[in-house]
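K.L.:
Enclosed is the structure file upload-v9.pdb (PDB, C-alpha atoms).
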```pdb
ATOM      1  CA  MET A 908       0.000   0.000   0.000
ATOM      2  CA  GLY A 909       1.408   3.363  -1.081
ATOM      3  CA  ILE A 910      -0.018   6.626   0.248
ATOM      4  CA  VAL A 911       0.097   9.910  -1.678
ATOM      5  CA  ASN A 912      -0.576  13.018   0.413
ATOM      6  CA  THR A 913      -1.130  16.537  -0.890
ATOM      7  CA  ASP A 914      -2.735  19.587   0.675
ATOM      8  CA  GLU A 915      -6.004  18.701  -1.067
ATOM      9  CA  MET A 916      -6.233  14.926  -0.958
ATOM     10  CA  GLN A 917      -4.930  11.564   0.158
ATOM     11  CA  ILE A 918      -4.771   8.699  -2.339
ATOM     12  CA  VAL A 919      -4.221   5.178  -1.014
ATOM     13  CA  PHE A 920      -2.876   2.894  -3.739
ATOM     14  CA  ASN A 921      -3.320  -0.796  -2.969
ATOM     15  CA  ASP A 922      -0.931  -2.580  -5.330
ATOM     16  CA  THR A 923      -2.026  -6.125  -6.117
ATOM     17  CA  PRO A 924      -0.070  -8.951  -7.764
ATOM     18  CA  GLY A 925      -0.379  -9.393 -11.489
ATOM     19  CA  VAL A 926      -3.381 -11.415 -12.607
ATOM     20  CA  LEU A 927      -2.689 -14.894 -13.986
ATOM     21  CA  LYS A 928      -4.146 -18.382 -14.051
ATOM     22  CA  PRO A 929      -2.762 -20.068 -10.924
ATOM     23  CA  ASN A 930      -0.634 -23.206 -11.156
ATOM     24  CA  TYR A 931       0.141 -23.582  -7.433
ATOM     25  CA  LYS A 932      -1.034 -22.261  -4.062
ATOM     26  CA  LEU A 933       1.174 -19.171  -4.133
ATOM     27  CA  GLN A 934      -0.432 -18.023  -7.372
ATOM     28  CA  GLU A 935      -3.889 -18.923  -6.012
ATOM     29  CA  SER A 936      -3.194 -16.625  -3.072
ATOM     30  CA  MET A 937      -1.934 -13.865  -5.374
ATOM     31  CA  LEU A 938      -5.109 -14.088  -7.453
ATOM     32  CA  ALA A 939      -7.217 -13.969  -4.284
ATOM     33  CA  PHE A 940      -5.466 -10.710  -3.318
ATOM     34  CA  SER A 941      -6.254  -9.229  -6.717
ATOM     35  CA  GLU A 942      -9.895 -10.310  -6.566
ATOM     36  CA  SER A 943     -10.278  -8.901  -3.041
ATOM     37  CA  ALA A 944      -9.270  -5.495  -4.413
ATOM     38  CA  LEU A 945     -12.411  -5.547  -6.554
ATOM     39  CA  GLN A 946     -14.487  -5.483  -3.371
ATOM     40  CA  ASP A 947     -12.745  -2.687  -1.459
ATOM     41  CA  ALA A 948     -11.684  -0.061  -3.971
ATOM     42  CA  ASP A 949     -13.278   3.297  -4.795
ATOM     43  CA  ILE A 950     -11.507   3.304  -8.173
ATOM     44  CA  LEU A 951      -9.912   0.407 -10.040
ATOM     45  CA  LEU A 952      -6.778   1.030 -12.078
ATOM     46  CA  TYR A 953      -6.229  -1.891 -14.438
ATOM     47  CA  VAL A 954      -2.660  -1.641 -15.712
ATOM     48  CA  THR A 955      -1.705  -3.290 -18.988
ATOM     49  CA  ASP A 956       0.731  -2.413 -21.776
ATOM     50  CA  VAL A 957       1.132  -2.498 -25.543
ATOM     51  CA  VAL A 958       2.609  -6.032 -25.420
ATOM     52  CA  GLU A 959       0.150  -7.965 -23.261
ATOM     53  CA  ASN A 960      -2.563 -10.048 -24.911
ATOM     54  CA  PRO A 961      -5.844  -8.358 -23.889
ATOM     55  CA  GLU A 962      -7.678 -11.676 -23.652
ATOM     56  CA  LYS A 963      -5.066 -13.390 -21.481
ATOM     57  CA  ASN A 964      -7.090 -12.900 -18.279
ATOM     58  CA  LYS A 965     -10.596 -13.166 -19.694
ATOM     59  CA  ASP A 966     -12.190 -14.591 -16.512
ATOM     60  CA  PHE A 967     -10.848 -11.755 -14.395
ATOM     61  CA  LEU A 968     -11.831  -9.171 -16.997
ATOM     62  CA  ASP A 969     -15.397 -10.459 -16.956
ATOM     63  CA  LYS A 970     -15.517  -9.614 -13.233
ATOM     64  CA  VAL A 971     -14.025  -6.183 -13.864
ATOM     65  CA  ALA A 972     -16.600  -5.491 -16.599
ATOM     66  CA  LYS A 973     -19.422  -6.018 -14.086
ATOM     67  CA  MET A 974     -18.064  -3.559 -11.518
ATOM     68  CA  THR A 975     -20.062  -0.481 -10.579
ATOM     69  CA  ILE A 976     -17.085   1.605  -9.400
ATOM     70  CA  PRO A 977     -15.072   3.679 -11.913
ATOM     71  CA  VAL A 978     -12.525   1.625 -13.865
ATOM     72  CA  ILE A 979      -9.517   3.287 -15.486
ATOM     73  CA  LEU A 980      -7.592   1.116 -17.927
ATOM     74  CA  LEU A 981      -3.977   2.235 -18.229
ATOM     75  CA  ILE A 982      -2.156   1.144 -21.379
ATOM     76  CA  ASN A 983       1.499   1.584 -20.443
ATOM     77  CA  LYS A 984       4.678   1.606 -22.582
ATOM     78  CA  ILE A 985       3.125   3.545 -25.443
ATOM     79  CA  ASP A 986       6.660   4.785 -26.177
ATOM     80  CA  GLN A 987       7.216   1.256 -27.594
ATOM     81  CA  SER A 988       4.297   1.497 -30.017
ATOM     82  CA  ASP A 989       3.089   3.531 -32.987
ATOM     83  CA  GLN A 990      -0.187   5.359 -33.457
ATOM     84  CA  LYS A 991      -1.900   2.696 -35.579
ATOM     85  CA  LYS A 992      -0.949  -0.199 -33.332
ATOM     86  CA  LEU A 993      -2.028   1.784 -30.274
ATOM     87  CA  GLY A 994      -5.367   2.540 -31.906
ATOM     88  CA  ASP A 995      -5.953  -1.173 -32.511
ATOM     89  CA  ILE A 996      -5.050  -1.964 -28.891
ATOM     90  CA  VAL A 997      -7.425   0.700 -27.560
ATOM     91  CA  GLU A 998     -10.235  -0.631 -29.748
ATOM     92  CA  LYS A 999      -9.673  -4.191 -28.527
ATOM     93  CA  TRP A1000      -9.678  -3.159 -24.873
ATOM     94  CA  HIS A1001     -12.813  -1.068 -25.392
ATOM     95  CA  SER A1002     -14.615  -4.164 -26.667
ATOM     96  CA  LEU A1003     -13.584  -6.096 -23.539
ATOM     97  CA  LEU A1004     -14.232  -3.299 -21.007
ATOM     98  CA  PRO A1005     -16.751  -0.953 -22.649
ATOM     99  CA  ASN A1006     -17.406   1.020 -19.450
ATOM    100  CA  ALA A1007     -13.759   1.671 -18.615
ATOM    101  CA  GLU A1008     -11.939   4.935 -19.231
ATOM    102  CA  ILE A1009      -8.837   4.171 -21.306
ATOM    103  CA  LEU A1010      -5.695   6.230 -20.744
ATOM    104  CA  PRO A1011      -2.559   5.516 -22.803
ATOM    105  CA  ILE A1012       0.527   6.370 -20.726
ATOM    106  CA  SER A1013       4.286   5.995 -20.597
ATOM    107  CA  ALA A1014       5.280   5.654 -16.953
ATOM    108  CA  LYS A1015       8.953   5.642 -17.950
ATOM    109  CA  ASN A1016       8.632   9.016 -19.687
ATOM    110  CA  LYS A1017       5.964  10.283 -17.253
ATOM    111  CA  PHE A1018       3.582  10.866 -20.150
ATOM    112  CA  GLY A1019      -0.042  10.878 -18.995
ATOM    113  CA  VAL A1020       0.786  10.552 -15.281
ATOM    114  CA  ASP A1021      -0.399  14.049 -14.361
ATOM    115  CA  MET A1022      -3.603  13.464 -16.323
ATOM    116  CA  LEU A1023      -4.151  10.224 -14.404
ATOM    117  CA  LEU A1024      -3.675  11.893 -11.006
ATOM    118  CA  ALA A1025      -6.071  14.659 -11.975
ATOM    119  CA  ARG A1026      -8.701  12.097 -13.014
ATOM    120  CA  ILE A1027      -8.265  10.123  -9.794
ATOM    121  CA  LYS A1028      -8.786  13.339  -7.838
ATOM    122  CA  GLU A1029     -12.058  13.951  -9.711
ATOM    123  CA  LEU A1030     -13.336  10.433  -9.057
ATOM    124  CA  LEU A1031     -12.360   9.993  -5.411
ATOM    125  CA  PRO A1032     -15.246  10.308  -2.922
ATOM    126  CA  ASP A1033     -15.125  12.981  -0.229
ATOM    127  CA  SER A1034     -13.731  11.451   2.944
ATOM    128  CA  PRO A1035     -11.443  12.285   5.854
ATOM    129  CA  PRO A1036      -7.909  10.870   5.407
ATOM    130  CA  TYR A1037      -7.474   7.254   6.486
ATOM    131  CA  PHE A1038      -3.810   7.710   7.399
ATOM    132  CA  ASP A1039      -1.552  10.314   8.956
ATOM    133  CA  LYS A1040      -0.380  12.933   6.464
ATOM    134  CA  GLU A1041       3.260  11.956   7.024
ATOM    135  CA  GLN A1042       2.666   8.247   6.379
ATOM    136  CA  LEU A1043       3.840   6.788   3.060
ATOM    137  CA  THR A1044       2.802   3.139   3.481
ATOM    138  CA  ASP A1045       1.194   0.672   5.859
ATOM    139  CA  LYS A1046       4.175  -1.703   5.698
ATOM    140  CA  PRO A1047       6.780  -2.120   8.488
ATOM    141  CA  ALA A1048      10.523  -1.673   7.985
ATOM    142  CA  ARG A1049      11.117  -5.431   7.717
ATOM    143  CA  PHE A1050       8.910  -5.563   4.631
ATOM    144  CA  PHE A1051      11.248  -3.218   2.768
ATOM    145  CA  VAL A1052      14.267  -5.265   3.815
ATOM    146  CA  THR A1053      12.800  -8.385   2.200
ATOM    147  CA  GLU A1054      11.600  -6.511  -0.899
ATOM    148  CA  ILE A1055      14.981  -4.873  -1.489
ATOM    149  CA  ILE A1056      16.792  -8.216  -1.198
ATOM    150  CA  ARG A1057      14.252  -9.838  -3.557
ATOM    151  CA  GLU A1058      14.758  -6.958  -5.998
ATOM    152  CA  LYS A1059      18.486  -7.670  -6.166
ATOM    153  CA  ILE A1060      17.790 -11.367  -6.741
ATOM    154  CA  LEU A1061      15.400 -10.466  -9.584
ATOM    155  CA  LEU A1062      18.066  -8.289 -11.166
ATOM    156  CA  TYR A1063      20.999 -10.657 -10.716
ATOM    157  CA  TYR A1064      19.739 -14.180 -11.414
ATOM    158  CA  ASP A1065      18.077 -15.886 -14.378
ATOM    159  CA  LYS A1066      14.293 -15.888 -14.502
ATOM    160  CA  GLU A1067      13.829 -19.441 -13.248
ATOM    161  CA  ILE A1068      15.399 -18.615  -9.870
ATOM    162  CA  PRO A1069      13.666 -15.422  -8.546
ATOM    163  CA  TYR A1070      10.129 -16.778  -8.687
ATOM    164  CA  SER A1071      11.093 -19.761  -6.558
ATOM    165  CA  VAL A1072      12.610 -17.481  -3.913
ATOM    166  CA  GLU A1073      11.189 -15.859  -0.793
ATOM    167  CA  VAL A1074      12.972 -13.765   1.821
ATOM    168  CA  ARG A1075      12.323 -13.541   5.546
ATOM    169  CA  CYS A1076      13.802 -10.861   7.816
ATOM    170  CA  GLU A1077      14.529 -12.819  10.986
ATOM    171  CA  SER A1078      16.257 -10.056  12.945
ATOM    172  CA  PHE A1079      16.067  -6.256  12.747
ATOM    173  CA  LYS A1080      17.920  -4.409  15.519
ATOM    174  CA  GLU A1081      18.065  -0.639  15.177
ATOM    175  CA  SER A1082      20.201   1.872  17.070
ATOM    176  CA  ASP A1083      20.757   5.582  16.489
ATOM    177  CA  LYS A1084      23.320   5.140  13.728
ATOM    178  CA  ARG A1085      23.150   1.484  12.682
ATOM    179  CA  ILE A1086      20.745  -1.330  11.862
ATOM    180  CA  ASP A1087      21.753  -4.980  12.215
ATOM    181  CA  ILE A1088      19.735  -7.250   9.922
ATOM    182  CA  ARG A1089      19.651 -11.014   9.559
ATOM    183  CA  ALA A1090      17.763 -12.269   6.496
ATOM    184  CA  VAL A1091      17.120 -15.759   5.160
ATOM    185  CA  ILE A1092      16.597 -16.470   1.469
ATOM    186  CA  TYR A1093      14.370 -19.509   0.930
ATOM    187  CA  VAL A1094      14.537 -21.617  -2.222
ATOM    188  CA  GLU A1095      12.793 -24.827  -3.267
ATOM    189  CA  ARG A1096      15.728 -27.006  -4.340
ATOM    190  CA  ASP A1097      19.349 -27.674  -3.408
ATOM    191  CA  SER A1098      20.395 -26.762  -6.947
ATOM    192  CA  GLN A1099      18.793 -23.327  -6.514
ATOM    193  CA  LYS A1100      20.638 -22.857  -3.231
ATOM    194  CA  GLY A1101      23.905 -23.500  -5.043
ATOM    195  CA  ILE A1102      23.061 -20.962  -7.732
ATOM    196  CA  ILE A1103      22.059 -18.294  -5.195
ATOM    197  CA  ILE A1104      25.290 -18.772  -3.222
ATOM    198  CA  GLY A1105      27.536 -19.151  -6.275
ATOM    199  CA  HIS A1106      31.130 -20.362  -6.451
ATOM    200  CA  GLN A1107      32.853 -19.602  -3.149
ATOM    201  CA  GLY A1108      29.855 -17.462  -2.157
ATOM    202  CA  VAL A1109      30.536 -14.798  -4.784
ATOM    203  CA  ALA A1110      26.942 -14.524  -6.053
ATOM    204  CA  LEU A1111      25.394 -14.210  -2.597
ATOM    205  CA  LYS A1112      28.030 -11.668  -1.593
ATOM    206  CA  LYS A1113      27.166  -9.509  -4.605
ATOM    207  CA  VAL A1114      23.429  -9.649  -3.845
ATOM    208  CA  SER A1115      24.074  -8.825  -0.185
ATOM    209  CA  THR A1116      26.391  -5.932  -1.036
ATOM    210  CA  GLU A1117      23.941  -4.378  -3.490
ATOM    211  CA  ALA A1118      21.064  -4.858  -1.049
ATOM    212  CA  ARG A1119      23.068  -3.280   1.774
ATOM    213  CA  LYS A1120      23.848  -0.197  -0.342
ATOM    214  CA  THR A1121      20.156   0.279  -1.183
ATOM    215  CA  LEU A1122      19.098  -0.327   2.429
ATOM    216  CA  GLU A1123      21.564   2.295   3.656
ATOM    217  CA  LYS A1124      20.053   4.841   1.267
ATOM    218  CA  PHE A1125      16.519   3.823   2.241
ATOM    219  CA  PHE A1126      17.026   3.985   6.019
ATOM    220  CA  ASP A1127      19.801   6.635   5.968
ATOM    221  CA  LYS A1128      21.830   4.550   8.412
ATOM    222  CA  HIS A1129      24.788   2.187   8.359
ATOM    223  CA  ILE A1130      23.575  -1.360   7.706
ATOM    224  CA  PHE A1131      25.154  -4.622   8.856
ATOM    225  CA  LEU A1132      23.465  -7.313   6.757
ATOM    226  CA  GLU A1133      23.805 -11.058   7.204
ATOM    227  CA  THR A1134      22.187 -13.263   4.559
ATOM    228  CA  TYR A1135      21.700 -17.027   4.585
ATOM    229  CA  VAL A1136      20.127 -19.447   2.120
ATOM    230  CA  LYS A1137      17.842 -22.310   3.134
ATOM    231  CA  VAL A1138      15.946 -24.958   1.183
ATOM    232  CA  ASP A1139      12.220 -25.150   1.926
ATOM    233  CA  LYS A1140      10.837 -27.630  -0.579
ATOM    234  CA  ASP A1141       7.425 -26.837  -2.013
ATOM    235  CA  TRP A1142       6.972 -23.618  -0.014
ATOM    236  CA  ARG A1143       4.843 -22.216  -2.841
ATOM    237  CA  ASN A1144       2.280 -24.981  -2.246
ATOM    238  CA  ASN A1145       2.364 -24.963   1.565
ATOM    239  CA  ALA A1146      -0.523 -22.933   3.032
ATOM    240  CA  LYS A1147       1.203 -22.553   6.415
ATOM    241  CA  GLU A1148       4.411 -21.268   4.857
ATOM    242  CA  LEU A1149       2.529 -18.907   2.535
ATOM    243  CA  ASN A1150       0.687 -17.505   5.525
ATOM    244  CA  SER A1151       3.972 -16.923   7.369
ATOM    245  CA  PHE A1152       5.299 -15.041   4.337
ATOM    246  CA  GLY A1153       2.138 -12.899   4.307
ATOM    247  CA  TYR A1154       0.589 -14.197   1.099
ATOM    248  CA  ASN A1155      -2.773 -15.455   2.342
ATOM    249  CA  PRO A1156      -5.374 -12.656   2.209
ATOM    250  CA  GLU A1157      -7.408 -14.032   5.110
TER     251      GLU A1157
END
```
Could you take the file, read its structure, and then write that structure out as structure tokens?

P.N.:
Amino acid sequence: MGIVNTDEMQIVFNDTPGVLKPNYKLQESMLAFSESALQDADILLYVTDVVENPEKNKDFLDKVAKMTIPVILLINKIDQSDQKKLGDIVEKWHSLLPNAEILPISAKNKFGVDMLLARIKELLPDSPPYFDKEQLTDKPARFFVTEIIREKILLYYDKEIPYSVEVRCESFKESDKRIDIRAVIYVERDSQKGIIIGHQGVALKKVSTEARKTLEKFFDKHIFLETYVKVDKDWRNNAKELNSFGYNPE
């Protein structure tokens, strides 16, 4: 959850996982999060791009099409398209979600972002702020530790590794000038553990170093980061483990 505060309004963005057809319990839980957003939102932003097949998530789109709240369809990455192709994409999406407002944007180039914020402001209901004006998110510090480490894994390893990985912050001890962190990276197989660690620990050291640098910028403190790798077979299909990682919506 990300919170945008201005003098005139507060927008609470609830970022859901991407919508897909689930193949295991983790993806079932991710889809449940996305579907729960349909129940709670004042406005739904459905984010797609010029590459995605519009009919890929037809079942989910059918639910979106029946919603009574405003739906804004954002077609991102228009900098990678031309006018004719974009026109065809807009027409296709309009046939699938006829009641949605369609806004082509380029988040990378910040094209259309101001227009989107202005439209959100128009559509938001009048309400007192839900959160303190200084608050940026509802997540604790440990959440950002795990996300930053996962980000480095996404950037550094091949695609088959990151999506079998979860991170748990087991210790977070903060003083005035320093934070001591102990984090465990969970993988599903021994072979993945070997890849994460790398020859003589070089790969894990690189991930840890890059994560530490980002954490120091984020918290504005010196960080002492210890990282370990453990095998937890089939964690993506284990309801108890998914709950401990915070994936189960209930």

K.L.:
Need the shell around Leu951 in chain A: protein/DNA/RNA residues with any atom at most 8 Å away, counting all atoms listed in the file. Skip same-chain ones fewer than 3 positions apart. Format as a list in words?

P.N.:
Leu945, Ala948, Ile976, Pro977, Val978 and Ile979 of chain A

K.L.:
Starting from the displayed file, determine the output of the PyMOL selection byres ((chain A and resi 1045) around 9) and express the residue list as a PyMOL selection string.

P.N.:
chain A and resi 908-910+1038+1042-1044+1046-1047

K.L.:
Let me make sure I understand: among A:Pro961, A:Pro1032, A:Gly994, A:Gly1105, which one has the smallest atom-to-atom distance to Pro1011 in chain A if we use only C-alpha atoms?

P.N.:
A:Gly994

K.L.:
Residues within 12 Å of (27.0, -15.4, -6.3), file coordinates, counting only C-alpha atoms: what are they? Give the list as a PyMOL selection string.

P.N.:
chain A and resi 1059-1060+1063-1064+1099-1117+1136

K.L.:
Near Asp1083 in chain A, within 12 Å and counting only C-alpha atoms, which residues show up once chain neighbours fewer than 4 positions away are dropped, as a PyMOL selection string?

P.N.:
chain A and resi 1087+1126-1130

K.L.:
Would you mind telling me which residue in A:Arg1085, A:Arg1119, A:Arg1075, A:Lys973 lies nearest to Asn1006 in chain A when using all atoms listed in the file?

P.N.:
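Counting all atoms listed in the file, the residue closest to Asn1006 in chain A is A:Lys973.
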
K.L.:
Could you write out as number ranges by chain the residues that the PyMOL selection byres ((chain A and resi 999) around 12) matches in the shown file?

P.N.:
A: 957, 959-962, 982, 992-998, 1000-1005, 1009

K.L.:
Taking only C-alpha atoms into account, name the residue in A:Asp914, A:Asp1139, A:Glu1008, A:Glu1133 that is nearest to Glu1041 in chain A.

P.N.:
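Looking at the shortest contact to Glu1041 in chain A, the residue is A:Asp914.
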
K.L.:
Suppose a student applies the PyMOL selection byres ((chain A and resi 1095) around 8) to this structure; what residues should they get, written as a ChimeraX atom specification?

P.N.:
/A:1071-1072,1093-1094,1096-1097,1099,1138-1142

K.L.:
Could you pull the residues within 12 Å of range 1014-1027 of chain A, counting only C-alpha atoms, minus those fewer than 5 positions along the same chain, as a VMD selection string?

P.N.:
chain A and resid 911 to 913 915 to 920 949 to 952 954 to 956 977 to 987 1008 to 1009 1032

K.L.:
Would you compute an axis-aligned box for range 1030-1047 of chain A, covering every atom listed for it in the file with 8 Å of margin on each side, and report centre and edge lengths in Å to one decimal as AutoDock Vina command-line options?

P.N.:
```
--center_x -4.2 --center_y 5.4 --center_z -0.1 --size_x 38.0 --size_y 31.1 --size_z 34.0
```
